[in-house]
file upload.cif (mmCIF, C-alpha atoms and all ligand atoms)
data_coords
loop_
_atom_site.label_atom_id
_atom_site.label_comp_id
_atom_site.auth_asym_id
_atom_site.auth_seq_id
_atom_site.Cartn_x
_atom_site.Cartn_y
_atom_site.Cartn_z
CA MET A 1 -30.94 -1.19 10.85
CA ALA A 2 -30.39 -3.77 13.57
CA ARG A 3 -26.73 -4.17 14.31
CA LYS A 4 -25.35 -7.55 15.10
CA CYS A 5 -23.11 -7.38 18.09
CA ILE A 6 -19.45 -8.04 17.65
CA PRO A 7 -18.37 -10.63 20.23
CA ILE A 8 -16.51 -8.90 23.03
CA GLU A 9 -13.40 -11.00 22.49
CA THR A 10 -13.21 -10.17 18.78
CA GLN A 11 -13.70 -6.52 19.67
CA SER A 12 -10.77 -6.50 22.03
CA GLN A 13 -8.64 -8.32 19.49
CA ALA A 14 -9.46 -5.70 16.87
CA LEU A 15 -8.63 -2.90 19.30
CA LEU A 16 -5.42 -4.56 20.34
CA GLN A 17 -4.38 -5.23 16.79
CA SER A 18 -4.75 -1.59 15.83
CA ARG A 19 -3.59 -0.15 19.15
CA ARG A 20 -6.45 2.28 18.49
CA ARG A 21 -4.68 3.78 15.50
CA CYS A 22 -7.01 4.58 12.62
CA ALA A 23 -6.22 2.54 9.50
CA ILE A 24 -7.36 5.30 7.14
CA CYS A 25 -5.42 8.03 8.95
CA PHE A 26 -2.40 5.77 8.67
CA GLY A 27 -3.02 4.70 5.10
CA LEU A 28 -3.54 8.19 3.75
CA ASN A 29 -1.39 10.37 6.01
CA PHE A 30 0.97 8.06 7.92
CA ASP A 31 -0.79 9.39 10.99
CA THR A 32 -0.09 7.01 13.87
CA LYS A 33 -1.64 9.06 16.67
CA LEU A 34 -3.97 7.44 19.16
CA LYS A 35 -7.57 8.19 18.15
CA ARG A 36 -11.04 8.09 19.60
CA GLY A 37 -12.86 5.81 17.30
CA GLN A 38 -14.95 2.78 16.56
CA ILE A 39 -14.69 -0.60 14.96
CA ALA A 40 -16.01 -0.75 11.41
CA HIS A 41 -16.81 -3.65 9.10
CA ILE A 42 -14.52 -3.65 6.10
CA ASP A 43 -17.12 -5.21 3.81
CA GLN A 44 -19.82 -3.07 5.47
CA ASP A 45 -21.78 -6.21 6.25
CA HIS A 46 -22.64 -5.91 9.92
CA ALA A 47 -23.36 -9.61 10.18
CA ASN A 48 -19.75 -10.44 9.28
CA ALA A 49 -17.95 -9.93 12.56
CA THR A 50 -14.77 -11.91 11.95
CA LEU A 51 -11.52 -10.28 13.01
CA GLU A 52 -10.34 -10.08 9.37
CA ASN A 53 -13.39 -8.04 8.53
CA LEU A 54 -12.97 -5.55 11.36
CA VAL A 55 -10.96 -2.38 11.35
CA PHE A 56 -10.51 0.37 13.90
CA LEU A 57 -11.30 3.82 12.50
CA CYS A 58 -11.28 7.28 14.05
CA LEU A 59 -14.75 8.80 14.48
CA GLU A 60 -14.43 10.95 11.40
CA HIS A 61 -13.29 8.14 9.14
CA HIS A 62 -15.77 5.75 10.70
CA ASP A 63 -18.59 8.06 9.65
CA GLU A 64 -17.15 8.43 6.19
CA TYR A 65 -16.56 4.74 5.62
CA ASP A 66 -19.35 3.05 7.49
CA GLY A 67 -21.84 5.78 6.77
CA LYS A 68 -23.73 6.54 3.61
CA THR A 69 -21.05 8.77 2.17
CA SER A 70 -18.45 6.01 1.85
CA GLN A 71 -18.93 5.58 -1.88
CA SER A 72 -18.52 9.24 -2.59
CA LYS A 73 -15.23 9.24 -0.72
CA GLY A 74 -14.09 6.55 -3.08
CA LEU A 75 -12.26 4.36 -0.59
CA THR A 76 -12.55 0.73 -1.58
CA LYS A 77 -12.63 -2.36 0.59
CA ALA A 78 -9.33 -3.43 -0.89
CA GLU A 79 -7.74 -0.15 0.15
CA ILE A 80 -9.04 -0.39 3.71
CA LYS A 81 -7.76 -3.96 3.92
CA GLU A 82 -4.37 -2.89 2.65
CA PHE A 83 -4.24 0.06 5.06
CA LYS A 84 -5.14 -2.23 7.90
CA ASP A 85 -2.44 -4.75 6.95
CA GLU A 86 0.13 -2.00 6.61
CA LEU A 87 -0.84 -0.53 9.95
CA CYS A 88 -0.57 -3.96 11.55
CA SER A 89 2.92 -4.54 10.21
CA TYR A 90 3.84 -1.01 11.22
CA ILE A 91 2.70 -1.76 14.75
CA GLU A 92 4.52 -5.07 14.77
CA ASN A 93 7.62 -3.29 13.63
CA ALA A 94 7.19 -0.53 16.16
CA LYS A 95 6.67 -2.73 19.16
CA ARG A 96 10.19 -2.18 20.32
CA SER A 97 9.78 1.56 19.98
CA PRO A 98 7.68 3.68 22.25
CA TRP A 99 4.19 4.78 21.52
CA PRO A 100 4.26 8.00 23.50
CA ASP A 101 0.97 7.17 25.17
CA ASN A 102 1.79 3.64 26.21
CA PRO A 103 3.47 3.71 29.63
CA GLU A 104 4.66 0.14 29.40
CA LEU A 105 6.45 0.79 26.18
CA GLU A 106 7.71 4.10 27.44
CA LYS A 107 9.53 2.21 30.11
CA ALA A 108 11.10 -0.01 27.49
CA HIS A 109 12.01 3.12 25.56
CA GLU A 110 14.49 4.18 28.18
CA GLU A 111 16.55 1.15 27.39
CA ILE A 112 16.59 1.63 23.64
CA GLU A 113 18.92 4.01 21.94
CA ARG A 114 17.59 6.25 19.14
CA PRO A 115 14.15 4.64 19.22
CA TYR A 116 12.73 6.64 16.34
CA LEU A 117 15.30 5.66 13.80
CA SER A 118 13.69 2.41 12.79
CA LEU A 119 10.29 4.09 12.44
CA GLU A 120 11.72 6.79 10.23
CA VAL A 121 13.37 4.27 7.95
CA TYR A 122 10.25 2.18 7.95
CA GLU A 123 8.15 5.11 6.77
CA LYS A 124 10.59 5.91 4.01
CA LYS A 125 10.57 2.31 2.86
CA ILE A 126 6.80 2.14 2.90
CA ARG A 127 6.70 5.30 0.81
CA ILE A 128 8.86 3.71 -1.89
CA TYR A 129 6.66 0.63 -1.78
CA ARG A 130 3.61 2.80 -2.35
CA VAL A 131 5.20 4.63 -5.25
CA VAL A 132 6.01 1.31 -6.92
CA ARG A 133 2.53 -0.04 -6.25
CA GLU A 134 0.91 3.10 -7.61
CA PHE A 135 3.06 3.04 -10.72
CA LEU A 136 2.21 -0.61 -11.36
CA GLY A 137 -1.45 0.07 -10.71
CA SER A 138 -1.55 2.86 -13.27
CA VAL A 139 0.35 0.84 -15.89
CA ILE A 140 -2.05 -2.07 -15.44
CA ALA A 141 -5.13 0.14 -15.46
CA GLU A 142 -4.11 2.23 -18.49
CA ALA A 143 -2.36 -0.62 -20.33
CA THR A 144 0.42 1.87 -21.05
CA THR A 145 2.33 4.65 -19.38
CA THR A 146 3.38 8.21 -20.04
CA VAL A 147 6.64 10.14 -20.02
CA GLU A 148 5.36 12.11 -17.04
CA ALA A 149 4.51 8.98 -15.06
CA LEU A 150 7.92 7.47 -15.84
CA PHE A 151 9.69 10.64 -14.86
CA GLN A 152 7.78 10.86 -11.62
CA PHE A 153 8.44 7.20 -10.88
CA ALA A 154 12.18 7.65 -11.43
CA GLN A 155 12.23 10.74 -9.23
CA GLU A 156 10.25 9.27 -6.38
CA THR A 157 12.21 6.02 -6.24
CA ASP A 158 15.56 7.76 -6.40
CA GLU A 159 16.25 7.18 -2.70
CA ALA A 160 15.60 3.45 -2.93
CA LEU A 161 19.29 2.86 -3.46
CA PHE A 162 20.01 4.07 0.07
CA LEU A 163 17.10 2.34 1.75
CA PHE A 164 17.21 -1.13 0.27
CA ASP A 165 19.92 -3.31 -1.13
CA LYS A 166 20.87 -3.86 -4.76
CA GLU A 167 18.06 -6.31 -5.44
CA VAL A 168 15.37 -3.67 -4.97
CA SER A 169 17.12 -0.84 -6.79
CA GLU A 170 17.81 -3.14 -9.74
CA TYR A 171 14.22 -4.25 -9.71
CA ILE A 172 13.03 -0.64 -9.76
CA ARG A 173 15.35 0.05 -12.68
CA GLU A 174 13.87 -2.94 -14.50
CA LEU A 175 10.34 -1.63 -13.93
CA TYR A 176 11.41 1.70 -15.31
CA LYS A 177 13.05 0.19 -18.41
CA LYS A 178 10.05 -2.02 -19.16
CA GLY A 179 7.83 1.02 -18.70
CA VAL A 180 9.87 2.95 -21.24
CA ARG A 181 9.66 0.01 -23.64
CA LEU A 182 5.90 -0.34 -23.14
CA ARG A 183 5.39 3.30 -23.93
CA SER A 184 7.48 3.15 -27.09
CA VAL A 185 5.76 -0.02 -28.31
CA ASN A 186 2.40 1.63 -27.75
CA LYS A 187 3.45 4.79 -29.52
CA ARG A 188 4.44 2.79 -32.58
CA LEU A 189 1.27 0.71 -32.51
CA ASP A 190 -0.76 3.91 -32.31
CA ASN A 191 0.82 5.20 -35.48
CA PRO A 192 -1.80 4.70 -38.23
CA ARG A 193 0.91 4.67 -40.86
CA LEU A 194 2.38 1.44 -39.50
CA PRO A 195 0.85 -1.06 -41.93
CA ILE A 196 -0.80 -4.32 -40.98
CA GLY A 197 1.86 -6.98 -41.25
CA GLU A 198 4.89 -8.59 -39.66
CA GLU A 199 6.18 -5.55 -37.77
CA ARG A 200 2.82 -4.58 -36.36
CA ASN A 201 2.17 -8.18 -35.27
CA GLN A 202 5.51 -8.38 -33.52
CA LEU A 203 4.84 -5.13 -31.69
CA ALA A 204 1.37 -6.28 -30.67
CA ASP A 205 2.86 -9.51 -29.28
CA GLU A 206 5.49 -7.59 -27.37
CA ASP A 207 2.81 -5.28 -26.03
CA CYS A 208 0.87 -8.28 -24.69
CA GLU A 209 3.96 -9.80 -23.13
CA LEU A 210 4.89 -6.55 -21.43
CA LEU A 211 1.39 -6.10 -20.01
CA GLU A 212 1.34 -9.67 -18.74
CA TRP A 213 4.70 -9.08 -17.14
CA PHE A 214 3.47 -5.92 -15.44
CA ALA A 215 0.35 -7.67 -14.18
CA GLU A 216 2.53 -10.29 -12.47
CA GLN A 217 4.69 -7.67 -10.81
CA LEU A 218 2.09 -6.68 -8.20
CA GLU A 219 2.67 -10.01 -6.53
CA VAL A 220 6.40 -10.11 -7.24
CA MET A 221 7.02 -6.73 -5.71
CA ARG A 222 4.87 -7.44 -2.69
CA VAL A 223 6.98 -10.50 -1.91
CA MET A 224 10.19 -8.61 -2.51
CA PHE A 225 9.28 -5.60 -0.37
CA TYR A 226 7.90 -7.80 2.35
CA LYS A 227 11.41 -9.13 2.95
CA TYR A 228 12.71 -5.64 3.53
CA ILE A 229 9.82 -3.99 5.30
CA ALA A 230 8.19 -6.62 7.50
CA LEU A 231 9.38 -7.11 11.02
CA LYS A 232 12.23 -9.57 11.15
ZN ZN A 301 -8.94 8.37 10.72
#

call {"tool": "encode", "arguments": {"input": "upload.cif", "output": "structure tokens"}}
result
Amino acid sequence: MARKCIPIETQSQALLQSRRRCAICFGLNFDTKLKRGQIAHIDQDHANATLENLVFLCLEHHDEYDGKTSQSKGLTKAEIKEFKDELCSYIENAKRSPWPDNPELEKAHEEIERPYLSLEVYEKKIRIYRVVREFLGSVIAEATTTVEALFQFAQETDEALFLFDKEVSEYIRELYKKGVRLRSVNKRLDNPRLPIGEERNQLADEDCELLEWFAEQLEVMRVMFYKYIALK
């Protein structure tokens, strides 16, 4: 297959943007180490060489994603895009902290006290964000939730109170409560002994409302977390 060349300037922008950190390594393992790698096309269309469509990947992930095995690995375009965006904001956020292999920043490091603190907190915050996103994703996909999922969600967001302010912890509590309600509404609707009639109709309406509410939360929570996680 003939490869269209990526313009040199776009290439350097893509490299600069990623600081040669692999988006998949970061997205899956929070691995921010400098990698040998290549630029891949997010949509796998080699003719589409816009900066938005380019992502730096380590050699291993480049083969997996750009190669024939990408589908079997199950990583979607949307995920790669998200990983890339997250990596970019991570890098933005980390600019004041040293990358160990960047001499210029190492110099700046000497002037900053406790340079790793902000990165640590950032990673913890991103983890909570992911838990919330995953929970929402599963509720939306399954159109319900389970006791196990709710329990796990509560457990994994426990630290949010210390990492964010009241707004976020109250929001997480609201997600949890609505999740509990959704599950109970579904349980009752699933009961074959609940006759067709007023009560069943009301529950079905509530079920719809709850699912619509959950569907909107992907955007709501993104905006909310952005305030707390993006570089200020
Ligand atoms: Zn990688």

call {"tool": "residues_near_ligand", "arguments": {"input": "upload.cif", "ligand": "ligand ZN 301 (chain A)", "cutoff": "8 Å", "atoms": "all atoms listed in the file", "output": "list of chain:residue names"}}
result
A:Arg21, A:Cys22, A:Ala23, A:Ile24, A:Cys25, A:Phe26, A:Lys35, A:Leu57, A:Cys58, A:Leu59, A:Glu60, A:His61, A:His62

call {"tool": "atom_distance", "arguments": {"input": "upload.cif", "atom1": "CA of Tyr226 in chain A", "atom2": "CA of Phe164 in chain A"}}
result
11.6 Å

call {"tool": "atom_distance", "arguments": {"input": "upload.cif", "atom1": "CA of Lys125 in chain A", "atom2": "CA of Leu163 in chain A"}}
result
6.6 Å

call {"tool": "atom_distance", "arguments": {"input": "upload.cif", "atom1": "CA of Thr144 in chain A", "atom2": "CA of Val180 in chain A"}}
result
9.5 Å

call {"tool": "residues_around", "arguments": {"input": "upload.cif", "residues": "Asn186 in chain A", "least_positions_apart": "5", "cutoff": "12 Å", "atoms": "all atoms listed in the file", "output": "PyMOL selection string"}}
result
chain A and resi 142-146+179-181+191-192+194+200+202-208+210-211

call {"tool": "residues_around", "arguments": {"input": "upload.cif", "residues": "Arg20 in chain A", "least_positions_apart": "2", "cutoff": "6 Å", "atoms": "only C-alpha atoms", "output": "VMD selection string"}}
result
chain A and resid 15 18 34

call {"tool": "write_last_selection", "arguments": {"input": "upload.cif", "atoms": "C-alpha atoms", "output": "PDB file, in the frame of the given file"}}
result
ATOM      1  CA  LEU A  15      -8.630  -2.900  19.300  1.00  0.00           C
ATOM      2  CA  SER A  18      -4.750  -1.590  15.830  1.00  0.00           C
ATOM      3  CA  LEU A  34      -3.970   7.440  19.160  1.00  0.00           C
TER       4      LEU A  34
END

call {"tool": "residues_around", "arguments": {"input": "upload.cif", "residues": "Glu123 in chain A", "least_positions_apart": "3", "cutoff": "12 Å", "atoms": "all atoms listed in the file", "output": "list in words"}}
result
Phe26, Gly27, Asn29, Phe30, Asp31, Thr32, Glu86, Leu87, Ser89, Tyr90, Ile91, Asn93, Ala94, Tyr116, Leu117, Ser118, Leu119, Glu120, Ile126, Arg127, Ile128, Tyr129, Arg130, Leu163, Ile229 and Ala230 of chain A

call {"tool": "residues_around", "arguments": {"input": "upload.cif", "residues": "Lys77 in chain A", "least_positions_apart": "6", "cutoff": "12 Å", "atoms": "all atoms listed in the file", "output": "PyMOL selection string"}}
result
chain A and resi 24+40-45+52-55+65-66+70-71+83-84

call {"tool": "closest_residue", "arguments": {"input": "upload.cif", "among": "A:Asp63, A:Glu170, A:Glu216, A:Glu9", "to": "Asp158 in chain A", "atoms": "all atoms listed in the file"}}
result
A:Glu170
